[in-house]
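Below is one structure, written out as structure tokens, with a few remarks after it.
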Amino acid sequence: MPGQIRILGAGLSGLSCAINLAQKKIDVEVVERCGGVGAHIKPNQQRLRYAGENAGDYFNCLNLNPEGYESRVIPNFYLATRYRLLDVKTAHPALLVTRGGEKSLEYALYRQAIKLGVKFKFNHEKPAKLDVNATGAASGEISGAAYGETYAGADFPADHGFVMYDDRYSPRGWYLYITPHGEDEVEVINCVSQPHSKNVKKLYQKALREQPFIKKTLRGAEKTGSIAGVGHIGLPKKATVDGVLHVGEAAGFQDATRGYGMNYALESGKLAADCILGGRDYEKLWRQMFLPRMKRDFAKRFVTSIMGDRIIRFMLRRYRDADTIDFTSFNPQENFIGKLLTETFYRLEVVKKKATGYW
Ligand SMILES: Cc1cc2nc3c(=O)[nH]c(=O)nc-3n(C[C@H](O)[C@H](O)[C@H](O)COP(=O)(O)OP(=O)(O)OC[C@H]3O[C@@H](n4cnc5c(N)ncnc54)[C@H](O)[C@@H]3O)c2cc1C
């Protein structure tokens, strides 16, 4: 059994790794540069994508037992493009979990970690000896950025989300979304990829000035705060550098199309713990577990970055108000042609990244 394991970063990936190690009676220390868990980002809602029937089963598979975190299920969505606004139901309702602050998913995992005896050192950066790097987007190049604001008193239904694909505000297939937040608040967030990262706030403000649905939603509402964040998407040659296992966004494990990085973070944290405990090959296993999923994300990124919001309008062409949308049907088929297309577009995306410098 290994001696003390030091993890840098108390986000989702670091906590998942710490909990899985502590359950096997390993002495774990987590070093975090902020003053507490969940202090690295202002409270906001994030959609947890998970495999399986429900989030509880998913967390069980990862040996995680987060309790008391804030979440809500959203079955309906307004889907906007520059020409249409659809009010639809999703085949798989979205689970939104709070990130940041004491009601967050990471804070619930922190409570589990404390019960298991994990030690935390806050307001500290890199220790002399390090085993796992879980520092999130901070440690890599910036691949994308998000900026948003929260508003009280907005005219927005609590059982809906809003997602808009419009290149004028979120270029090349990224998106702007609205989710209900807290009692009577909404949060409005714009996401863009790296060449537009510097302009994310300007593009957000342009959408608020121009987009009819957003203008109507926020008419008379009062701004209560702002949120900003960045993302690191990578295709690491190696996720182990100088013996340090990189997990979550520190390794670049991120969804290149939609920015759904939480599942990669939670799963890679557990995988790293399993490898430390069992002496297994992290390099081989992350490729087996994540590369097929990442390839699909990169393939879709290639198509959306070339086609922009036109591809979304094309995909939505057959839907009408009150229809149910199964977003998984937008994934490439699992047949020979689907796999060939995924592999081809994935490779083209890698070439595009080498040529332009961004995903
Ligand atoms: C606005 C926004 C919306 C998002 N929405 C979604 C969504 O809807 N669905 C989804 O799945 N994902 C979403 N994501 C992405 C998701 O939040 C991340 O992919 C996920 O949190 C990555 O987890 P992580 O453990 O790698 O990093 P983090 O959770 O960011 O944790 C990193 C931790 O390391 C600490 N740290 C950094 N540097 C150091 C250092 N030098 N020393 C010590 N500690 C350090 C940080 O303070 C932080 O606590 C969103 C991201 C943003 C910014």
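Following the order of the structure tokens, first chain is A, next is B, and so on, with residues numbered from 1 inside each chain and ligands from 1 in the order they appear.
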
With only C-alpha atoms and all ligand atoms counted, collect every polymer residue having an atom within 6 Å of ligand 1; state the result as a PDB file with C-alpha atoms, in the first residue's frame.
```pdb
ATOM      1  CA  LEU A   8      -3.380  19.279  -5.499  1.00  0.00           C
ATOM      2  CA  GLY A   9      -6.845  20.825  -5.954  1.00  0.00           C
ATOM      3  CA  ALA A  10     -10.078  20.225  -4.009  1.00  0.00           C
ATOM      4  CA  GLY A  11     -12.448  20.277  -6.994  1.00  0.00           C
ATOM      5  CA  LEU A  12     -14.537  17.358  -8.239  1.00  0.00           C
ATOM      6  CA  SER A  13     -11.645  15.300  -9.609  1.00  0.00           C
ATOM      7  CA  GLY A  14      -9.431  15.788  -6.537  1.00  0.00           C
ATOM      8  CA  VAL A  31      -3.894  20.924  -0.882  1.00  0.00           C
ATOM      9  CA  GLU A  32      -6.170  23.710  -2.146  1.00  0.00           C
ATOM     10  CA  ARG A  33      -5.203  27.245  -3.049  1.00  0.00           C
ATOM     11  CA  CYS A  34      -8.573  28.781  -2.080  1.00  0.00           C
ATOM     12  CA  HIS A  40     -13.010  28.732  -6.568  1.00  0.00           C
ATOM     13  CA  GLN A  46     -24.174  22.922 -14.042  1.00  0.00           C
ATOM     14  CA  ARG A  47     -25.694  20.003 -15.896  1.00  0.00           C
ATOM     15  CA  LEU A  48     -24.410  16.617 -14.774  1.00  0.00           C
ATOM     16  CA  GLU A 125      -0.308  25.907  -3.476  1.00  0.00           C
ATOM     17  CA  LYS A 126       2.040  23.195  -4.706  1.00  0.00           C
ATOM     18  CA  ALA A 134      -6.375  17.992  -9.875  1.00  0.00           C
ATOM     19  CA  THR A 135      -6.049  21.738 -10.416  1.00  0.00           C
ATOM     20  CA  GLY A 136      -8.666  21.996 -13.174  1.00  0.00           C
ATOM     21  CA  ALA A 138      -5.908  26.557 -14.191  1.00  0.00           C
ATOM     22  CA  ALA A 146     -17.867  31.462 -19.936  1.00  0.00           C
ATOM     23  CA  ALA A 228     -16.880  33.860 -15.005  1.00  0.00           C
ATOM     24  CA  GLY A 229     -14.866  30.751 -15.724  1.00  0.00           C
ATOM     25  CA  VAL A 230     -12.556  29.105 -18.220  1.00  0.00           C
ATOM     26  CA  GLY A 248     -10.092  16.148 -14.614  1.00  0.00           C
ATOM     27  CA  GLU A 249      -9.447  19.303 -16.599  1.00  0.00           C
ATOM     28  CA  ALA A 250      -5.828  19.373 -15.417  1.00  0.00           C
ATOM     29  CA  GLN A 254     -13.360  17.793 -21.073  1.00  0.00           C
ATOM     30  CA  GLY A 259     -18.130  21.687 -21.934  1.00  0.00           C
ATOM     31  CA  TYR A 260     -19.621  18.893 -19.806  1.00  0.00           C
ATOM     32  CA  GLY A 261     -16.469  18.211 -17.787  1.00  0.00           C
ATOM     33  CA  MET A 262     -17.938  17.119 -14.455  1.00  0.00           C
ATOM     34  CA  ASN A 263     -18.326  13.461 -15.370  1.00  0.00           C
ATOM     35  CA  ALA A 265     -13.555  14.892 -13.483  1.00  0.00           C
TER      36      ALA A 265
END
```

(request) Excluding Asp274 (chain A) and any residue of its chain fewer than 3 positions from it, enumerate the residues within 12 Å of it, using only C-alpha atoms, and give them as a list in words. (result)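 In the requested format, the answer is Met1, Pro2, Ser16, Cys17, Ala18, Ile19, Asn20, Leu21, Ala22, Gln23, Lys24, Ile26, Leu62, Asn63, Leu245, Glu267, Ser268, Gly269, Lys270, Leu271, Leu277, Gly278, Gly279, Arg280, Asp281, Tyr282, Leu285 and Trp286 of chain A.
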
(request) Give the answer as one residue: which of A:His181, A:Lys353, A:Lys115, A:Lys216 has the shortest atom-to-atom distance to Asp155 (chain A), using only C-alpha atoms? (result)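 Nearest candidate to Asp155 (chain A) out of A:His181, A:Lys353, A:Lys115, A:Lys216: A:Lys216.
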
Excluding Asn199 (chain A) and its own-chain neighbours fewer than 4 positions away, which residues fall within 12 Å of it when counting only C-alpha atoms? Please give them as a tab-separated table (two decimals) with N, CA and C atoms, in the first residue's frame.
```tsv
chain	number	residue	atom	x	y	z
A	144	GLY	N	-11.58	27.68	-23.73
A	144	GLY	CA	-12.88	28.34	-23.85
A	144	GLY	C	-13.16	29.14	-22.61
A	145	ALA	N	-14.19	29.99	-22.70
A	145	ALA	CA	-14.52	30.83	-21.54
A	145	ALA	C	-16.02	30.98	-21.42
A	146	ALA	N	-16.44	31.23	-20.19
A	146	ALA	CA	-17.87	31.46	-19.94
A	146	ALA	C	-18.00	32.74	-19.12
A	147	TYR	N	-19.02	33.52	-19.44
A	147	TYR	CA	-19.33	34.69	-18.62
A	147	TYR	C	-20.84	34.76	-18.46
A	168	ARG	N	-23.84	34.70	-33.70
A	168	ARG	CA	-23.60	36.14	-33.48
A	168	ARG	C	-23.19	36.41	-32.03
A	169	TYR	N	-23.58	35.50	-31.13
A	169	TYR	CA	-23.28	35.70	-29.70
A	169	TYR	C	-22.33	34.63	-29.15
A	170	SER	N	-22.46	33.42	-29.66
A	170	SER	CA	-21.62	32.29	-29.21
A	170	SER	C	-21.10	31.63	-30.49
A	171	PRO	N	-20.02	32.16	-31.04
A	171	PRO	CA	-19.60	31.73	-32.38
A	171	PRO	C	-19.25	30.25	-32.48
A	190	ASN	N	-23.01	32.82	-21.13
A	190	ASN	CA	-22.58	32.65	-22.52
A	190	ASN	C	-21.26	31.87	-22.54
A	191	CYS	N	-21.16	30.90	-23.46
A	191	CYS	CA	-19.95	30.08	-23.57
A	191	CYS	C	-19.35	30.24	-24.97
A	192	VAL	N	-18.05	30.46	-25.02
A	192	VAL	CA	-17.39	30.61	-26.32
A	192	VAL	C	-16.08	29.83	-26.31
A	193	SER	N	-15.57	29.56	-27.51
A	193	SER	CA	-14.29	28.85	-27.58
A	193	SER	C	-13.14	29.85	-27.66
A	194	GLN	N	-11.93	29.31	-27.60
A	194	GLN	CA	-10.73	30.11	-27.33
A	194	GLN	C	-10.51	31.37	-28.21
A	195	PRO	N	-10.71	31.31	-29.53
A	195	PRO	CA	-10.41	32.56	-30.26
A	195	PRO	C	-11.33	33.71	-29.86
A	203	LEU	N	-19.85	39.76	-26.08
A	203	LEU	CA	-20.83	38.99	-26.84
A	203	LEU	C	-22.07	38.72	-25.99
A	204	TYR	N	-21.84	38.49	-24.70
A	204	TYR	CA	-22.94	38.28	-23.75
A	204	TYR	C	-23.82	39.54	-23.69
A	205	GLN	N	-23.16	40.68	-23.57
A	205	GLN	CA	-23.92	41.94	-23.45
A	205	GLN	C	-24.69	42.25	-24.74
A	206	LYS	N	-24.08	41.89	-25.86
A	206	LYS	CA	-24.74	42.08	-27.17
A	206	LYS	C	-26.04	41.24	-27.21
```

(request) Between A:Gly3, A:Gly234, A:Pro43, A:Gly36, single out the one closest to Ile142 (chain A), counting only C-alpha atoms. (result)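 Between A:Gly3, A:Gly234, A:Pro43, A:Gly36, the residue approaching Ile142 (chain A) most closely is A:Gly234.
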
(message) DSSP on the backbone, helix (DSSP H, G or I) only: what residues of region 131-353 of chain A does that give? Format it as a PyMOL selection string.
(response) chain A and resi 136-139+194-210+212-218+248-251+262-278+282-307+309-315+327-330+336-353

Could I get the residues of region 229-343 of chain A with an atom no further than 12 Å from an atom of region 64-80 of chain A, each paired with its nearest atom pair and that distance in Å to one decimal, using only C-alpha atoms, sorted by chain and residue number, as CSV?
```
residue,atom,partner,partner_atom,distance
A:Leu266,CA,A:Leu64,CA,9.1
A:Glu267,CA,A:Leu64,CA,10.5
A:Gly269,CA,A:Leu64,CA,11.0
A:Lys270,CA,A:Leu64,CA,9.3
A:Asp309,CA,A:Ala80,CA,10.5
A:Ile312,CA,A:Ala80,CA,9.8
A:Arg313,CA,A:Ala80,CA,9.2
A:Met315,CA,A:Leu79,CA,11.8
A:Leu316,CA,A:Leu79,CA,9.0
A:Arg317,CA,A:Leu79,CA,11.8
A:Tyr319,CA,A:Leu79,CA,10.3
A:Arg320,CA,A:Leu79,CA,10.4
A:Asp321,CA,A:Tyr78,CA,9.1
A:Ala322,CA,A:Asn76,CA,9.1
A:Asp323,CA,A:Asn76,CA,10.2
A:Thr324,CA,A:Asn76,CA,9.0
A:Ile325,CA,A:Phe77,CA,9.6
A:Asp326,CA,A:Pro75,CA,11.7
A:Phe327,CA,A:Phe77,CA,11.9
```

(request) Between A:Asp242, A:Asp57, A:Glu149, A:Glu187, single out the one closest to Gly225 (chain A), counting only C-alpha atoms. (result)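 Counting only C-alpha atoms, the residue closest to Gly225 (chain A) is A:Glu149.
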
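Distances to Phe122 (chain A) were evaluated for A:Ala39, A:Val303, A:Phe345, A:Pro212 using only C-alpha atoms, and the minimum falls at A:Ala39.
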
(message) Report, in Å to a single decimal, how far apart CA of Val351 (chain A) and CA of Leu291 (chain A) are.
(response)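 Pair CA of Leu291 (chain A) / CA of Val351 (chain A) returns 16.9 Å.
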
(request) Could you tell me how far CA of Glu106 (chain A) lies from CA of Val37 (chain A), in Å and to one decimal? (result) 6.8 Å

(message) For a quick check of understanding, using only C-alpha atoms, which of A:Gly38, A:Gly220, A:Leu86, A:Ala158 has the smallest distance to Tyr107 (chain A)?
(response)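 Of A:Gly38, A:Gly220, A:Leu86, A:Ala158, the one nearest Tyr107 (chain A) is A:Gly38, counting only C-alpha atoms.
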
(request) Could you tell me how far CA of Gly338 (chain A) lies from CA of Pro236 (chain A), in Å and to one decimal? (result)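 Calculated distance between CA of Gly338 (chain A) and CA of Pro236 (chain A) is 24.5 Å.
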
(message) Set the distance at 10 Å and use only C-alpha atoms: which residues neighbour Pro157 (chain A) once local chain neighbours fewer than 6 positions away are removed? I'd like the list as a ChimeraX atom specification.
(response) /A:76,179-180,184,186,217

Output N, CA and C atoms for every residue in the selection just made, as a short mmCIF file (atom, residue, chain, number, x, y, z; two decimals), in the first residue's frame.
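Ended up saving to part.cif:
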```
data_model
loop_
_atom_site.label_atom_id
_atom_site.label_comp_id
_atom_site.auth_asym_id
_atom_site.auth_seq_id
_atom_site.Cartn_x
_atom_site.Cartn_y
_atom_site.Cartn_z
N ASN A 76 -38.07 20.57 -19.35
CA ASN A 76 -38.44 21.34 -20.56
C ASN A 76 -37.36 22.34 -20.94
N THR A 179 -30.79 29.27 -16.85
CA THR A 179 -31.37 28.25 -15.98
C THR A 179 -31.96 28.95 -14.76
N PRO A 180 -33.03 28.35 -14.19
CA PRO A 180 -33.55 28.89 -12.94
C PRO A 180 -32.49 28.70 -11.87
N ASP A 184 -36.03 32.78 -6.81
CA ASP A 184 -36.69 33.44 -7.94
C ASP A 184 -35.65 34.07 -8.87
N VAL A 186 -32.63 33.78 -12.02
CA VAL A 186 -32.15 33.00 -13.16
C VAL A 186 -30.67 33.30 -13.34
N THR A 217 -37.27 38.20 -21.03
CA THR A 217 -37.06 37.49 -19.76
C THR A 217 -36.50 38.42 -18.68
#
```

(request) Rank nothing, just name the residue among A:Lys42, A:Lys300, A:Lys339, A:Lys202 nearest to Arg172 (chain A), using only C-alpha atoms. (result)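 Ranking A:Lys42, A:Lys300, A:Lys339, A:Lys202 by distance to Arg172 (chain A), first place goes to A:Lys300.
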
(request) Can you pull out every residue within 12 Å of Lys352 (chain A), counting only C-alpha atoms, but drop anything in the same chain fewer than 2 positions away, and send it as number ranges by chain? (result) A: 298-299, 301-303, 305-306, 345-350, 354-359

Save the residues we just selected, N, CA and C atoms, as a PDB file, in the first residue's frame?
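For reference, again-v3.pdb as written:
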```
ATOM      1  N   PHE A 298     -14.757  15.414 -29.919  1.00  0.00           N
ATOM      2  CA  PHE A 298     -13.906  16.158 -30.865  1.00  0.00           C
ATOM      3  C   PHE A 298     -14.488  16.114 -32.281  1.00  0.00           C
ATOM      4  N   ALA A 299     -15.061  14.960 -32.661  1.00  0.00           N
ATOM      5  CA  ALA A 299     -15.653  14.842 -34.000  1.00  0.00           C
ATOM      6  C   ALA A 299     -16.800  15.842 -34.139  1.00  0.00           C
ATOM      7  N   ARG A 301     -17.185  18.520 -32.384  1.00  0.00           N
ATOM      8  CA  ARG A 301     -16.581  19.861 -32.347  1.00  0.00           C
ATOM      9  C   ARG A 301     -16.122  20.283 -33.743  1.00  0.00           C
ATOM     10  N   PHE A 302     -15.537  19.314 -34.472  1.00  0.00           N
ATOM     11  CA  PHE A 302     -15.069  19.648 -35.822  1.00  0.00           C
ATOM     12  C   PHE A 302     -16.250  20.121 -36.678  1.00  0.00           C
ATOM     13  N   VAL A 303     -17.324  19.358 -36.635  1.00  0.00           N
ATOM     14  CA  VAL A 303     -18.480  19.704 -37.482  1.00  0.00           C
ATOM     15  C   VAL A 303     -19.057  21.056 -37.060  1.00  0.00           C
ATOM     16  N   SER A 305     -17.602  23.490 -35.417  1.00  0.00           N
ATOM     17  CA  SER A 305     -16.703  24.643 -35.610  1.00  0.00           C
ATOM     18  C   SER A 305     -16.621  25.027 -37.091  1.00  0.00           C
ATOM     19  N   ILE A 306     -16.853  24.074 -37.982  1.00  0.00           N
ATOM     20  CA  ILE A 306     -16.835  24.395 -39.409  1.00  0.00           C
ATOM     21  C   ILE A 306     -18.190  24.939 -39.848  1.00  0.00           C
ATOM     22  N   PHE A 345     -13.689  12.667 -38.561  1.00  0.00           N
ATOM     23  CA  PHE A 345     -13.870  14.042 -38.074  1.00  0.00           C
ATOM     24  C   PHE A 345     -12.971  14.319 -36.866  1.00  0.00           C
ATOM     25  N   TYR A 346     -12.764  13.304 -36.023  1.00  0.00           N
ATOM     26  CA  TYR A 346     -11.866  13.465 -34.878  1.00  0.00           C
ATOM     27  C   TYR A 346     -10.451  13.803 -35.377  1.00  0.00           C
ATOM     28  N   ARG A 347      -9.987  13.049 -36.373  1.00  0.00           N
ATOM     29  CA  ARG A 347      -8.633  13.295 -36.898  1.00  0.00           C
ATOM     30  C   ARG A 347      -8.536  14.677 -37.550  1.00  0.00           C
ATOM     31  N   LEU A 348      -9.607  15.055 -38.264  1.00  0.00           N
ATOM     32  CA  LEU A 348      -9.608  16.380 -38.886  1.00  0.00           C
ATOM     33  C   LEU A 348      -9.564  17.475 -37.817  1.00  0.00           C
ATOM     34  N   GLU A 349     -10.252  17.232 -36.700  1.00  0.00           N
ATOM     35  CA  GLU A 349     -10.245  18.223 -35.615  1.00  0.00           C
ATOM     36  C   GLU A 349      -8.832  18.370 -35.031  1.00  0.00           C
ATOM     37  N   VAL A 350      -8.123  17.244 -34.927  1.00  0.00           N
ATOM     38  CA  VAL A 350      -6.748  17.296 -34.405  1.00  0.00           C
ATOM     39  C   VAL A 350      -5.864  18.089 -35.381  1.00  0.00           C
ATOM     40  N   LYS A 354      -3.907  21.680 -34.735  1.00  0.00           N
ATOM     41  CA  LYS A 354      -2.476  21.913 -35.008  1.00  0.00           C
ATOM     42  C   LYS A 354      -2.301  23.128 -35.913  1.00  0.00           C
ATOM     43  N   ALA A 355      -3.214  23.289 -36.874  1.00  0.00           N
ATOM     44  CA  ALA A 355      -3.084  24.378 -37.840  1.00  0.00           C
ATOM     45  C   ALA A 355      -3.489  25.728 -37.257  1.00  0.00           C
ATOM     46  N   THR A 356      -4.555  25.748 -36.447  1.00  0.00           N
ATOM     47  CA  THR A 356      -5.086  27.046 -35.988  1.00  0.00           C
ATOM     48  C   THR A 356      -4.716  27.368 -34.544  1.00  0.00           C
ATOM     49  N   GLY A 357      -4.406  26.318 -33.775  1.00  0.00           N
ATOM     50  CA  GLY A 357      -4.071  26.543 -32.363  1.00  0.00           C
ATOM     51  C   GLY A 357      -5.272  26.424 -31.436  1.00  0.00           C
ATOM     52  N   TYR A 358      -6.461  26.234 -31.990  1.00  0.00           N
ATOM     53  CA  TYR A 358      -7.612  26.085 -31.081  1.00  0.00           C
ATOM     54  C   TYR A 358      -8.556  24.988 -31.566  1.00  0.00           C
ATOM     55  N   TRP A 359      -9.323  24.439 -30.584  1.00  0.00           N
ATOM     56  CA  TRP A 359     -10.311  23.403 -30.906  1.00  0.00           C
ATOM     57  C   TRP A 359     -11.516  24.049 -31.535  1.00  0.00           C
TER      58      TRP A 359
END
```
